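Visitor: Contents of protein_7.cif (mmCIF, C-alpha atoms) are below:
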```
data_target
loop_
_atom_site.label_atom_id
_atom_site.label_comp_id
_atom_site.auth_asym_id
_atom_site.auth_seq_id
_atom_site.Cartn_x
_atom_site.Cartn_y
_atom_site.Cartn_z
CA MET A 1318 -35.64 70.62 -9.73
CA LYS A 1319 -35.33 69.11 -13.20
CA LYS A 1320 -31.66 68.35 -12.59
CA SER A 1321 -32.50 66.61 -9.30
CA PHE A 1322 -35.11 64.49 -11.06
CA TYR A 1323 -32.55 63.28 -13.62
CA ILE A 1324 -30.06 62.43 -10.86
CA ILE A 1325 -32.70 60.37 -9.02
CA CYS A 1326 -33.60 58.53 -12.24
CA LEU A 1327 -29.94 57.81 -12.94
CA CYS A 1328 -29.39 56.42 -9.43
CA PHE A 1329 -32.50 54.27 -9.78
CA ALA A 1330 -31.16 52.87 -13.07
CA PHE A 1331 -27.87 51.90 -11.42
CA VAL A 1332 -29.75 50.17 -8.59
CA ILE A 1333 -31.84 48.19 -11.08
CA GLN A 1334 -28.72 47.23 -13.01
CA GLY A 1335 -27.03 46.06 -9.78
CA TYR A 1336 -29.99 43.87 -8.89
CA ALA A 1337 -30.03 42.44 -12.40
CA GLN A 1338 -26.52 41.06 -11.81
CA VAL A 1339 -27.70 38.96 -8.85
CA PRO A 1340 -28.96 35.50 -10.01
CA ILE A 1341 -32.50 34.88 -8.80
CA PRO A 1342 -33.09 31.57 -6.96
CA VAL A 1343 -34.81 29.03 -9.19
CA PRO A 1344 -37.87 26.85 -8.47
CA ALA A 1345 -37.74 23.15 -7.64
CA GLN A 1346 -37.36 20.58 -10.43
CA SER A 1347 -40.66 20.26 -12.29
CA ASN A 1348 -39.91 17.54 -14.87
CA PRO A 1349 -37.51 14.57 -15.19
CA ILE A 1350 -34.18 15.32 -16.87
CA LEU A 1351 -31.80 12.92 -18.61
CA LEU A 1352 -28.19 13.86 -19.35
CA LYS A 1353 -27.14 11.71 -22.27
CA GLY A 1354 -23.79 10.79 -23.80
CA GLY A 1355 -21.33 12.39 -21.39
CA THR A 1356 -18.43 10.92 -19.45
CA ALA A 1357 -19.68 10.47 -15.87
CA HIS A 1358 -17.18 10.71 -13.02
CA LEU A 1359 -19.13 9.10 -10.17
CA GLY A 1360 -16.95 10.41 -7.33
CA ASN A 1361 -16.20 6.91 -5.99
CA GLY A 1362 -13.35 6.19 -8.41
CA GLU A 1363 -15.57 4.86 -11.21
CA VAL A 1364 -15.99 6.46 -14.63
CA ILE A 1365 -18.80 5.69 -17.09
CA GLN A 1366 -18.19 6.52 -20.73
CA ASN A 1367 -21.23 7.45 -22.85
CA SER A 1368 -23.40 7.62 -19.76
CA LEU A 1369 -27.06 8.20 -18.91
CA ILE A 1370 -27.66 10.32 -15.81
CA GLY A 1371 -31.34 10.86 -15.02
CA PHE A 1372 -33.06 12.56 -12.11
CA ASP A 1373 -36.55 13.52 -11.00
CA LYS A 1374 -37.91 15.49 -8.02
CA GLY A 1375 -34.36 16.29 -6.96
CA LYS A 1376 -33.16 12.68 -6.77
CA LEU A 1377 -31.02 10.58 -9.12
CA THR A 1378 -33.06 7.87 -10.84
CA VAL A 1379 -30.67 6.66 -13.57
CA VAL A 1380 -26.88 6.23 -13.39
CA GLN A 1381 -25.66 3.83 -16.05
CA ALA A 1382 -23.89 3.36 -19.35
CA SER A 1383 -25.88 4.29 -22.43
CA ALA A 1384 -28.44 1.61 -23.34
CA ASN A 1385 -31.83 1.22 -24.92
CA MET A 1386 -34.35 2.77 -22.55
CA ASP A 1387 -37.60 4.68 -22.76
CA GLU A 1388 -36.60 8.34 -22.80
CA THR A 1389 -40.05 9.76 -23.54
CA ALA A 1390 -40.70 10.71 -19.91
CA TYR A 1391 -37.48 12.77 -19.72
CA GLN A 1392 -36.30 16.13 -20.95
CA VAL A 1393 -33.19 14.86 -22.75
CA ILE A 1394 -30.05 17.00 -22.80
CA ASP A 1395 -27.31 15.79 -25.12
CA ILE A 1396 -23.94 16.26 -23.43
CA SER A 1397 -21.83 14.18 -25.80
CA GLY A 1398 -18.13 14.99 -25.41
CA LYS A 1399 -18.67 16.64 -22.04
CA HIS A 1400 -18.13 15.47 -18.46
CA VAL A 1401 -20.53 15.00 -15.53
CA TYR A 1402 -19.41 15.36 -11.91
CA PRO A 1403 -21.04 15.29 -8.49
CA GLY A 1404 -21.17 18.79 -7.05
CA PHE A 1405 -17.95 19.79 -5.30
CA ILE A 1406 -18.17 20.29 -1.52
CA LEU A 1407 -16.28 23.05 0.30
CA PRO A 1408 -15.72 22.20 4.01
CA ASN A 1409 -14.70 24.51 6.86
CA SER A 1410 -15.68 27.73 5.10
CA GLN A 1411 -17.17 31.05 6.19
CA MET A 1412 -19.55 31.08 3.26
CA GLY A 1413 -22.47 33.39 3.96
CA LEU A 1414 -20.92 34.64 7.20
CA GLU A 1415 -18.24 36.99 5.94
CA GLU A 1416 -18.23 39.30 2.95
CA VAL A 1417 -15.31 41.69 3.55
CA SER A 1418 -13.10 40.46 6.39
CA SER A 1419 -11.55 43.89 7.03
CA VAL A 1420 -14.99 45.45 7.66
CA LYS A 1421 -16.37 44.33 11.03
CA ALA A 1422 -19.95 45.05 10.04
CA MET A 1423 -19.62 42.57 7.16
CA SER A 1424 -18.34 39.68 9.25
CA ASP A 1425 -20.52 37.57 11.54
CA SER A 1426 -18.37 34.48 11.96
CA ARG A 1427 -17.44 34.51 15.65
CA GLU A 1428 -18.90 35.13 19.08
CA HIS A 1429 -17.43 36.45 22.34
CA GLY A 1430 -16.37 33.83 24.86
CA THR A 1431 -14.30 30.65 24.88
CA ILE A 1432 -16.78 27.76 24.93
CA ASN A 1433 -19.81 28.39 22.71
CA PRO A 1434 -21.20 25.06 21.45
CA ASN A 1435 -24.67 26.60 21.25
CA ILE A 1436 -23.67 29.11 18.54
CA ARG A 1437 -25.30 28.15 15.22
CA ALA A 1438 -23.52 29.51 12.14
CA VAL A 1439 -26.57 28.84 9.98
CA ILE A 1440 -28.61 31.61 11.63
CA SER A 1441 -26.24 34.23 10.19
CA TYR A 1442 -26.01 32.70 6.73
CA ASN A 1443 -26.52 35.31 4.01
CA THR A 1444 -27.89 33.89 0.75
CA ASP A 1445 -27.23 37.22 -1.00
CA SER A 1446 -23.46 36.88 -0.59
CA GLU A 1447 -21.62 37.68 -3.83
CA PHE A 1448 -19.28 34.75 -3.18
CA ILE A 1449 -22.00 32.15 -3.70
CA PRO A 1450 -22.49 32.61 -7.49
CA THR A 1451 -18.70 32.53 -8.02
CA MET A 1452 -18.52 29.19 -6.20
CA ARG A 1453 -21.27 27.68 -8.36
CA PHE A 1454 -19.47 28.83 -11.50
CA ASN A 1455 -16.52 26.58 -10.61
CA GLY A 1456 -18.61 23.57 -9.59
CA ILE A 1457 -18.83 24.14 -5.81
CA LEU A 1458 -22.50 23.42 -5.11
CA LEU A 1459 -22.33 22.71 -1.36
CA ALA A 1460 -20.40 24.42 1.42
CA GLU A 1461 -20.04 23.90 5.15
CA THR A 1462 -20.57 27.25 6.85
CA THR A 1463 -18.41 27.23 9.96
CA PRO A 1464 -18.08 29.53 13.01
CA ARG A 1465 -14.68 30.74 14.19
CA GLY A 1466 -13.02 31.76 17.45
CA GLY A 1467 -12.69 30.50 21.00
CA THR A 1468 -12.01 26.93 22.05
CA VAL A 1469 -15.44 25.56 21.10
CA SER A 1470 -16.64 27.77 18.25
CA GLY A 1471 -20.14 26.36 17.75
CA THR A 1472 -21.98 24.23 15.22
CA SER A 1473 -21.63 24.23 11.44
CA SER A 1474 -24.21 23.40 8.77
CA VAL A 1475 -23.93 22.27 5.17
CA MET A 1476 -25.56 24.75 2.81
CA GLU A 1477 -26.63 24.52 -0.82
CA MET A 1478 -25.31 27.31 -3.05
CA GLU A 1479 -28.86 28.28 -3.94
CA GLY A 1480 -31.90 29.62 -2.09
CA TRP A 1481 -33.89 32.67 -1.01
CA ASN A 1482 -32.93 32.41 2.67
CA TRP A 1483 -30.99 30.16 5.03
CA GLU A 1484 -33.99 27.89 5.52
CA ASP A 1485 -34.19 27.31 1.75
CA ALA A 1486 -30.42 26.82 1.39
CA ALA A 1487 -29.96 24.49 4.36
CA HIS A 1488 -28.89 21.00 3.31
CA THR A 1489 -27.91 19.50 6.68
CA LEU A 1490 -28.39 21.56 9.84
CA ASP A 1491 -26.00 21.59 12.82
CA MET A 1492 -24.12 18.50 11.68
CA GLY A 1493 -20.80 19.33 13.36
CA LEU A 1494 -19.25 20.93 16.43
CA HIS A 1495 -15.89 22.71 16.05
CA LEU A 1496 -13.19 22.51 18.71
CA ASN A 1497 -9.91 24.44 18.40
CA TRP A 1498 -7.43 22.30 20.32
CA PRO A 1499 -5.03 24.43 22.40
CA ASN A 1500 -1.45 24.68 21.14
CA ARG A 1501 1.41 23.44 23.30
CA ILE A 1502 3.70 25.85 21.49
CA SER A 1503 2.36 29.23 20.42
CA ARG A 1504 3.74 30.92 17.34
CA ARG A 1505 3.55 34.61 16.60
CA PHE A 1506 5.02 36.88 13.96
CA ASP A 1507 7.59 39.36 15.26
CA PHE A 1508 7.48 42.48 13.10
CA ALA A 1509 10.72 43.75 14.69
CA THR A 1510 12.75 40.86 13.25
CA PHE A 1511 10.28 39.75 10.56
CA THR A 1512 10.47 36.18 11.85
CA ARG A 1513 8.13 33.80 13.64
CA LYS A 1514 8.77 33.35 17.33
CA THR A 1515 7.79 30.24 19.24
CA GLU A 1516 7.18 30.01 22.96
CA PRO A 1517 5.53 27.45 25.27
CA ASN A 1518 1.85 27.89 26.06
CA LYS A 1519 1.89 28.26 29.85
CA ASN A 1520 -1.87 27.78 29.98
CA TYR A 1521 -1.97 24.50 28.05
CA THR A 1522 -2.73 22.29 31.09
CA LYS A 1523 -5.32 24.79 32.29
CA ASN A 1524 -6.96 24.88 28.84
CA ILE A 1525 -7.28 21.09 28.72
CA ALA A 1526 -8.65 21.00 32.28
CA SER A 1527 -11.33 23.49 31.25
CA LEU A 1528 -12.34 21.24 28.36
CA LYS A 1529 -12.50 18.21 30.64
CA ASP A 1530 -14.75 20.12 33.03
CA HIS A 1531 -17.08 21.06 30.19
CA PHE A 1532 -17.38 17.49 28.93
CA ALA A 1533 -17.91 16.25 32.49
CA ALA A 1534 -20.70 18.79 32.95
CA THR A 1535 -22.22 17.65 29.66
CA LYS A 1536 -22.26 14.00 30.76
CA ALA A 1537 -23.79 14.92 34.13
CA TYR A 1538 -26.44 16.95 32.32
CA HIS A 1539 -27.16 14.04 29.99
CA ASP A 1540 -27.57 11.58 32.89
CA ALA A 1541 -29.68 13.86 35.07
CA PRO A 1542 -33.27 12.50 35.44
CA SER A 1543 -34.72 16.02 35.34
CA LYS A 1544 -33.04 19.26 34.36
CA VAL A 1545 -33.47 22.89 33.44
CA LYS A 1546 -32.56 23.25 29.78
CA ASN A 1547 -28.97 24.42 29.27
CA LEU A 1548 -28.32 25.50 25.67
CA LYS A 1549 -24.54 25.05 25.83
CA LEU A 1550 -24.76 21.52 27.20
CA GLU A 1551 -27.74 20.61 25.01
CA ALA A 1552 -25.71 21.48 21.90
CA MET A 1553 -23.08 18.89 22.88
CA MET A 1554 -25.49 15.95 23.04
CA GLY A 1555 -25.18 14.89 19.42
CA LEU A 1556 -21.50 14.04 19.87
CA PHE A 1557 -22.32 11.02 22.00
CA ASP A 1558 -24.99 9.42 19.83
CA GLY A 1559 -23.21 10.01 16.50
CA SER A 1560 -25.68 12.56 15.13
CA LYS A 1561 -22.94 15.23 15.18
CA THR A 1562 -19.29 15.12 14.13
CA LEU A 1563 -16.57 16.64 16.31
CA PHE A 1564 -14.22 18.67 14.10
CA LEU A 1565 -10.84 18.99 15.79
CA HIS A 1566 -8.75 21.92 14.53
CA VAL A 1567 -5.21 20.90 15.49
CA GLY A 1568 -1.76 22.29 14.70
CA ALA A 1569 0.99 19.83 15.68
CA ALA A 1570 1.44 16.06 15.37
CA LYS A 1571 1.57 15.38 19.12
CA GLU A 1572 -1.54 17.48 19.63
CA ILE A 1573 -3.41 15.48 16.97
CA VAL A 1574 -2.87 12.31 19.00
CA GLU A 1575 -3.80 14.05 22.26
CA ALA A 1576 -6.93 15.63 20.79
CA VAL A 1577 -8.21 12.41 19.21
CA ARG A 1578 -7.56 10.35 22.34
CA PHE A 1579 -9.26 12.99 24.47
CA ALA A 1580 -12.36 12.92 22.26
CA GLN A 1581 -12.43 9.12 22.30
CA GLN A 1582 -12.14 9.04 26.09
CA GLN A 1583 -15.09 11.42 26.32
CA GLY A 1584 -17.22 9.03 24.26
CA VAL A 1585 -17.38 11.05 21.04
CA LYS A 1586 -18.57 8.79 18.21
CA LYS A 1587 -17.49 10.64 15.06
CA ILE A 1588 -14.23 12.61 14.78
CA THR A 1589 -12.69 14.54 11.88
CA VAL A 1590 -9.32 16.32 12.14
CA LEU A 1591 -8.48 19.57 10.38
CA THR A 1592 -4.73 20.04 10.14
CA ASP A 1593 -1.85 20.42 7.66
CA GLU A 1594 1.53 18.73 7.17
CA ALA A 1595 1.45 17.55 10.80
CA ALA A 1596 -0.89 14.73 9.72
CA LEU A 1597 1.97 13.12 7.81
CA TYR A 1598 3.88 12.38 11.03
CA VAL A 1599 0.93 10.54 12.62
CA ALA A 1600 -0.56 8.97 9.48
CA ASP A 1601 -0.44 5.46 10.98
CA PHE A 1602 -2.34 6.64 14.07
CA LEU A 1603 -5.00 8.35 11.93
CA LYS A 1604 -5.38 5.23 9.76
CA GLU A 1605 -5.67 2.89 12.76
CA ASN A 1606 -8.35 5.06 14.34
CA ASN A 1607 -10.17 5.64 11.04
CA ILE A 1608 -9.96 9.44 11.40
CA PRO A 1609 -10.69 11.52 8.26
CA VAL A 1610 -8.43 14.51 7.66
CA ILE A 1611 -9.38 17.83 6.06
CA LEU A 1612 -6.35 19.66 4.66
CA PRO A 1613 -5.97 23.30 3.64
CA GLN A 1614 -5.39 24.19 -0.02
CA THR A 1615 -2.50 22.59 -1.89
CA GLN A 1616 -1.54 25.88 -3.57
CA ARG A 1617 0.39 27.37 -0.65
CA VAL A 1618 3.79 27.30 0.99
CA PRO A 1619 4.44 24.74 3.75
CA ASP A 1620 3.90 25.56 7.40
CA ARG A 1621 7.62 25.58 8.23
CA SER A 1622 10.65 26.76 6.26
CA SER A 1623 12.45 23.45 6.92
CA MET A 1624 9.88 21.58 4.81
CA ALA A 1625 10.13 20.98 1.05
CA ILE A 1626 8.49 23.84 -0.82
CA ASP A 1627 6.25 21.46 -2.79
CA LEU A 1628 5.16 19.34 0.19
CA PRO A 1629 1.63 20.87 0.28
CA TYR A 1630 1.18 19.87 -3.39
CA GLU A 1631 2.12 16.27 -2.66
CA LEU A 1632 0.52 15.97 0.79
CA PRO A 1633 -2.91 14.62 -0.31
CA HIS A 1634 -1.21 11.87 -2.31
CA LEU A 1635 1.19 10.95 0.52
CA LEU A 1636 -1.59 10.69 3.10
CA THR A 1637 -3.84 8.73 0.72
CA GLU A 1638 -0.99 6.30 0.06
CA ALA A 1639 -0.66 5.91 3.84
CA GLY A 1640 -4.32 4.89 4.07
CA VAL A 1641 -5.76 8.14 5.44
CA MET A 1642 -9.01 9.50 3.98
CA VAL A 1643 -8.24 13.03 2.80
CA SER A 1644 -10.42 16.01 1.91
CA LEU A 1645 -9.40 19.46 0.71
CA SER A 1646 -10.60 22.84 1.97
CA HIS A 1647 -9.47 26.45 1.81
CA GLN A 1648 -7.90 28.74 4.39
CA GLY A 1649 -7.45 32.47 3.95
CA MET A 1650 -9.24 34.86 1.60
CA GLN A 1651 -12.67 33.46 0.89
CA SER A 1652 -12.63 34.73 -2.69
CA GLN A 1653 -9.95 32.14 -3.50
CA ALA A 1654 -12.04 29.21 -2.25
CA ARG A 1655 -13.57 28.88 -5.71
CA ASN A 1656 -10.25 27.29 -6.76
CA LEU A 1657 -11.09 24.13 -4.78
CA ALA A 1658 -11.15 21.99 -7.94
CA PHE A 1659 -7.70 23.20 -8.94
CA TYR A 1660 -6.27 22.31 -5.51
CA ALA A 1661 -7.27 18.73 -6.33
CA GLY A 1662 -5.78 19.17 -9.80
CA THR A 1663 -2.46 20.20 -8.24
CA ALA A 1664 -2.46 16.94 -6.23
CA VAL A 1665 -2.88 15.07 -9.55
CA ALA A 1666 0.21 16.81 -10.92
CA TYR A 1667 2.11 15.52 -7.87
CA GLY A 1668 1.31 11.83 -8.16
CA MET A 1669 -2.33 11.41 -7.18
CA ASP A 1670 -4.70 9.48 -9.41
CA LYS A 1671 -7.26 11.82 -10.99
CA GLU A 1672 -10.31 9.97 -9.71
CA GLU A 1673 -8.75 9.70 -6.24
CA ALA A 1674 -8.16 13.45 -6.31
CA LEU A 1675 -11.80 13.97 -7.26
CA LYS A 1676 -12.78 12.12 -4.07
CA THR A 1677 -10.98 14.75 -1.98
CA ILE A 1678 -13.61 17.33 -2.97
CA THR A 1679 -16.64 15.02 -3.33
CA SER A 1680 -17.14 11.63 -1.65
CA ASN A 1681 -14.35 11.91 0.94
CA THR A 1682 -15.63 15.31 2.02
CA ALA A 1683 -19.19 14.01 2.21
CA LYS A 1684 -18.03 11.20 4.50
CA ALA A 1685 -15.97 13.56 6.67
CA LEU A 1686 -19.03 15.80 7.08
CA GLY A 1687 -21.41 12.89 7.64
CA ILE A 1688 -23.59 13.64 4.60
CA ASP A 1689 -22.48 10.83 2.28
CA ASP A 1690 -25.95 9.25 2.42
CA ARG A 1691 -27.21 12.13 0.24
CA VAL A 1692 -24.30 13.60 -1.74
CA GLY A 1693 -20.68 13.07 -2.78
CA THR A 1694 -21.26 10.47 -5.49
CA LEU A 1695 -23.55 9.93 -8.45
CA GLU A 1696 -25.74 7.07 -7.23
CA VAL A 1697 -29.42 6.29 -7.68
CA GLY A 1698 -31.38 7.64 -4.73
CA LYS A 1699 -28.94 10.41 -3.84
CA ASP A 1700 -29.51 14.14 -4.36
CA ALA A 1701 -29.27 15.31 -7.97
CA THR A 1702 -26.50 17.79 -7.10
CA LEU A 1703 -24.18 17.67 -10.08
CA PHE A 1704 -22.78 19.66 -12.98
CA VAL A 1705 -21.72 19.29 -16.60
CA SER A 1706 -18.32 20.59 -17.68
CA GLU A 1707 -16.80 21.09 -21.14
CA GLY A 1708 -13.68 19.20 -20.06
CA ASP A 1709 -11.66 18.07 -17.06
CA ALA A 1710 -13.14 19.99 -14.12
CA LEU A 1711 -9.88 19.71 -12.15
CA ASP A 1712 -8.06 21.67 -14.83
CA TYR A 1713 -8.26 25.43 -15.41
CA ASN A 1714 -8.80 24.96 -19.14
CA GLY A 1715 -11.46 22.26 -18.82
CA ASN A 1716 -13.51 23.66 -15.93
CA ILE A 1717 -16.14 25.38 -18.08
CA LEU A 1718 -19.61 24.63 -16.77
CA ASN A 1719 -22.56 24.23 -19.13
CA TYR A 1720 -25.17 23.14 -16.58
CA ALA A 1721 -25.38 22.81 -12.81
CA PHE A 1722 -28.13 21.27 -10.74
CA ILE A 1723 -28.68 21.48 -6.98
CA SER A 1724 -31.21 18.93 -5.74
CA GLY A 1725 -32.51 18.80 -9.32
CA LYS A 1726 -32.86 22.57 -9.71
CA MET A 1727 -31.06 23.97 -12.75
CA VAL A 1728 -29.18 26.91 -11.22
CA VAL A 1729 -27.99 30.11 -12.87
CA LEU A 1730 -24.26 30.01 -13.61
CA PRO A 1731 -23.28 33.48 -14.97
CA ASN A 1732 -22.68 36.08 -12.26
CA LYS A 1733 -21.35 39.57 -11.78
CA GLN A 1734 -17.81 38.59 -12.75
CA GLN A 1735 -18.94 37.18 -16.09
CA GLU A 1736 -21.04 40.29 -16.73
CA LEU A 1737 -17.98 42.48 -16.14
CA PHE A 1738 -15.85 40.22 -18.35
CA GLU A 1739 -18.35 40.48 -21.19
CA ARG A 1740 -18.65 44.25 -20.80
CA PHE A 1741 -14.96 45.07 -20.84
CA SER A 1742 -14.00 42.40 -23.39
CA THR A 1743 -16.37 44.12 -25.78
CA LYS A 1744 -15.14 47.61 -24.86
CA TYR A 1745 -11.44 46.87 -25.32
CA GLY A 1746 -11.75 44.68 -28.38
CA HIS A 1747 -11.07 41.26 -26.88
CA LYS A 1748 -14.52 40.20 -27.92
CA LYS A 1749 -16.73 41.54 -30.71
#
```
For this file, write the structure as structure tokens.

Guide:
Amino acid sequence: MKKSFYIICLCFAFVIQGYAQVPIPVPAQSNPILLKGGTAHLGNGEVIQNSLIGFDKGKLTVVQASANMDETAYQVIDISGKHVYPGFILPNSQMGLEEVSSVKAMSDSREHGTINPNIRAVISYNTDSEFIPTMRFNGILLAETTPRGGTVSGTSSVMEMEGWNWEDAAHTLDMGLHLNWPNRISRRFDFATFTRKTEPNKNYTKNIASLKDHFAATKAYHDAPSKVKNLKLEAMMGLFDGSKTLFLHVGAAKEIVEAVRFAQQQGVKKITVLTDEAALYVADFLKENNIPVILPQTQRVPDRSSMAIDLPYELPHLLTEAGVMVSLSHQGMQSQARNLAFYAGTAVAYGMDKEEALKTITSNTAKALGIDDRVGTLEVGKDATLFVSEGDALDYNGNILNYAFISGKMVVLPNKQQELFERFSTKYGHKK
């Protein structure tokens, strides 16, 4: 009996310790704050040396070079020698939807069926995900949580990396609808030969016809004088008045043109394309139609073996030079998405201007997601979603956060990974 009691106490202690590693959501901003003396990277290409960045009630109130001003109303934080950035934005992620992809019970990112515009990713968003604190630690303060699967996957929402529940964390609800454009040529990996095989998609015409039927049904539903509410068709409505963005996930250059023209013919107001190197072949078309492009990470190999091995590193710069507005995202293991800043840093190493590269994870992304009226740049009136870094936040050595604020709330930065680092650095003598 006594032994059992000790075992129960020990288990309870481990549980308490585990909970202690989870940062507790913080309350709303209670007093004005002024960040003084740092180098402010505004996210629009401008840099202010020796800056004053002030905010109150979650909104930016001061963005200027240092000058004589009454600071008595502010809690002043001296950040001389440090750098201030708008919070980085991670688009097209499964943040809060998937914890361990190989465990079905820990993934809630897709629904059965082909056309599911009524599926709302935000409903499944888990604010207790262990990925969220690791994102904040590298400056990612906003993420688009996105459904997967089917032809029309559903609607995505932009979430703050802070909050007790999805209602608290929601920044912009149901701002985009995701459409996976059918491939003309399907590619699959052949384990027998360890090569990729390509073959025509025999159902391509049928797939497009199905999409046309769905959009036609949506228009008929919209024009009907009286109707019984249809959730699938209702979810499409925002595409035609500009309140929602259509995110086209497309693989090949020809399909990019087809997908964009299809959406335009259907009367869709706002279009963003998610693709890879294929965008380079239709850059003029994308520029002419003012279509933003969201690319996967730069730190990867190209899509085809015939391409230069460093093309993904240079791709953001090449597309920007061609006049296309570029944003960066992450595909693959979600744990690596925290390297978003360093994907932009890689683009800098391959010819891109540093402040232009910063746009690919701040202002450009905000525009592509349709949330640039609130975030993406440091401007008076916008959300006080920003962070202070020891050095260059696009560099591994400089990305050391001192403070981070989401809508004015000073969030907790250390997380489980830092706790483990401290513990074992002390144990093995790396740190005393």

Visitor: Please report the interatomic distance between atom CA of Arg1655 of chain A and atom CA of Asp1373 of chain A in Å with one decimal.

Guide: 28.1 Å

Visitor: Which neighbours of Thr1463 of chain A fall inside 9 Å, counting only C-alpha atoms, when residues of the same chain fewer than 5 positions from it are skipped, and could you give them as a list in words?

Guide: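 Result of the neighbour search: Pro1408, Asn1409, Ser1410, Gln1411, Met1412, Leu1414, Ser1426, Arg1437, Ala1438, Val1439, Ser1470, Gly1471, Thr1472, Ser1473, Ser1474, Val1475, Gly1493 and His1495 of chain A.
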
Visitor: Find the residues around Thr1451 of chain A up to 8 Å (all atoms listed in the file counted), leave out those fewer than 2 positions away in its own chain, and share them as a list in words.

Guide: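 Selected residues are Glu1447, Phe1448, Ile1449, Arg1453, Phe1454, Asn1455, Arg1655, Asn1732 and Gln1734 of chain A.
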
Visitor: I need the residue set behind the PyMOL selection byres ((chain A and resi 1639) around 10) for this file; please write it as a ChimeraX atom specification.

Guide: /A:1597,1600-1601,1603-1604,1633-1638,1640-1642

Visitor: Find the residues near Phe1532 of chain A: any atom within 9 Å, counting all atoms listed in the file, skip ones fewer than 5 places away on the same chain, and give them as a PyMOL selection string.

Guide: chain A and resi 1527+1537+1550+1553+1583

Visitor: Decode the PyMOL selection byres ((chain A and resi 1371) around 9) for the given file into explicit residues and return them as a PyMOL selection string.

Guide: chain A and resi 1349-1353+1369-1370+1372-1373+1376-1380+1391+1393+1697+1701

Visitor: Need to verify the contact set: segment 1502-1504 of chain A, 7 Å, all atoms listed in the file, exclusion of same-chain residues closer than 5 positions in sequence. Can you return it as an NGL selection string?

Guide: :A and (1513-1518)

Visitor: How would the residues just chosen look if you wrote them out with C-alpha atoms as a PDB file, in the coordinates of the input?

Guide:
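The resulting file, again.pdb, is reproduced below:
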```
ATOM      1  CA  ARG A1513       8.130  33.800  13.640  1.00  0.00           C
ATOM      2  CA  LYS A1514       8.770  33.350  17.330  1.00  0.00           C
ATOM      3  CA  THR A1515       7.790  30.240  19.240  1.00  0.00           C
ATOM      4  CA  GLU A1516       7.180  30.010  22.960  1.00  0.00           C
ATOM      5  CA  PRO A1517       5.530  27.450  25.270  1.00  0.00           C
ATOM      6  CA  ASN A1518       1.850  27.890  26.060  1.00  0.00           C
TER       7      ASN A1518
END
```

Visitor: Compare A:Val1343, A:Glu1461, A:Glu1605, A:Ser1383 by their minimum atom-to-atom distance to Ile1688 of chain A, counting all atoms listed in the file, and give me the closest one.

Guide: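 Distance minimum relative to Ile1688 of chain A lands on A:Glu1461.
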
Visitor: Of the residues A:His1539, A:Lys1544, A:Ile1365, A:Gln1651, which is the one nearest to Glu1416 of chain A, using all atoms listed in the file?

Guide: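 Checking each candidate against Glu1416 of chain A, we get A:Gln1651 as the closest.
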
Visitor: I'd like to see the residues matched by the PyMOL selection byres ((chain A and resi 1360) around 9) on this file, and ideally I'd get them as a list in words.

Guide: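 Against this file, the PyMOL selection byres ((chain A and resi 1360) around 9) returns the residues Ala1357, His1358, Leu1359, Asn1361, Gly1362, Glu1363, Val1364, Tyr1402, Pro1403, Glu1672, Glu1673, Leu1675, Lys1676, Ile1678, Thr1679, Ser1680, Asn1681, Gly1693, Thr1694 and Leu1695 of chain A.
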
Visitor: What's around Val1618 of chain A at 8 Å? Count only C-alpha atoms, leave out sequence neighbours fewer than 4 positions away in its own chain, and write the answer as a ChimeraX atom specification.

Guide: /A:1626-1627,1629

Visitor: Rounded to one decimal place, report the atom CA of Lys1399 of chain A-atom CA of Asp1700 of chain A distance in Å.

Guide: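 Separation of atom CA of Lys1399 of chain A and atom CA of Asp1700 of chain A: 20.9 Å.
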
Visitor: Using only C-alpha atoms for the distances, tell me which of A:Lys1374, A:Arg1617, A:Lys1561, A:His1647 is nearest to Leu1591 of chain A.

Guide: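 Among A:Lys1374, A:Arg1617, A:Lys1561, A:His1647, it is A:His1647 that comes nearest to Leu1591 of chain A.
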
Visitor: Pop segment 1650-1668 of chain A out of the structure in the block and write C-alpha atoms as a short mmCIF file (atom, residue, chain, number, x, y, z; two decimals), in the first residue's frame.

Guide:
```
data_model
loop_
_atom_site.label_atom_id
_atom_site.label_comp_id
_atom_site.auth_asym_id
_atom_site.auth_seq_id
_atom_site.Cartn_x
_atom_site.Cartn_y
_atom_site.Cartn_z
CA MET A 1650 7.24 17.85 -41.63
CA GLN A 1651 5.53 20.53 -39.61
CA SER A 1652 8.33 20.63 -37.05
CA GLN A 1653 10.60 22.20 -39.68
CA ALA A 1654 8.20 25.07 -40.40
CA ARG A 1655 9.84 27.07 -37.62
CA ASN A 1656 12.74 27.63 -40.07
CA LEU A 1657 10.59 30.01 -42.14
CA ALA A 1658 12.89 32.96 -41.41
CA PHE A 1659 15.91 31.02 -42.61
CA TYR A 1660 14.19 30.12 -45.89
CA ALA A 1661 14.06 33.87 -46.52
CA GLY A 1662 17.68 34.12 -45.40
CA THR A 1663 18.67 31.52 -47.99
CA ALA A 1664 17.03 33.67 -50.70
CA VAL A 1665 19.23 36.57 -49.51
CA ALA A 1666 22.33 34.42 -49.99
CA TYR A 1667 21.19 33.83 -53.58
CA GLY A 1668 20.77 37.42 -54.69
#
```
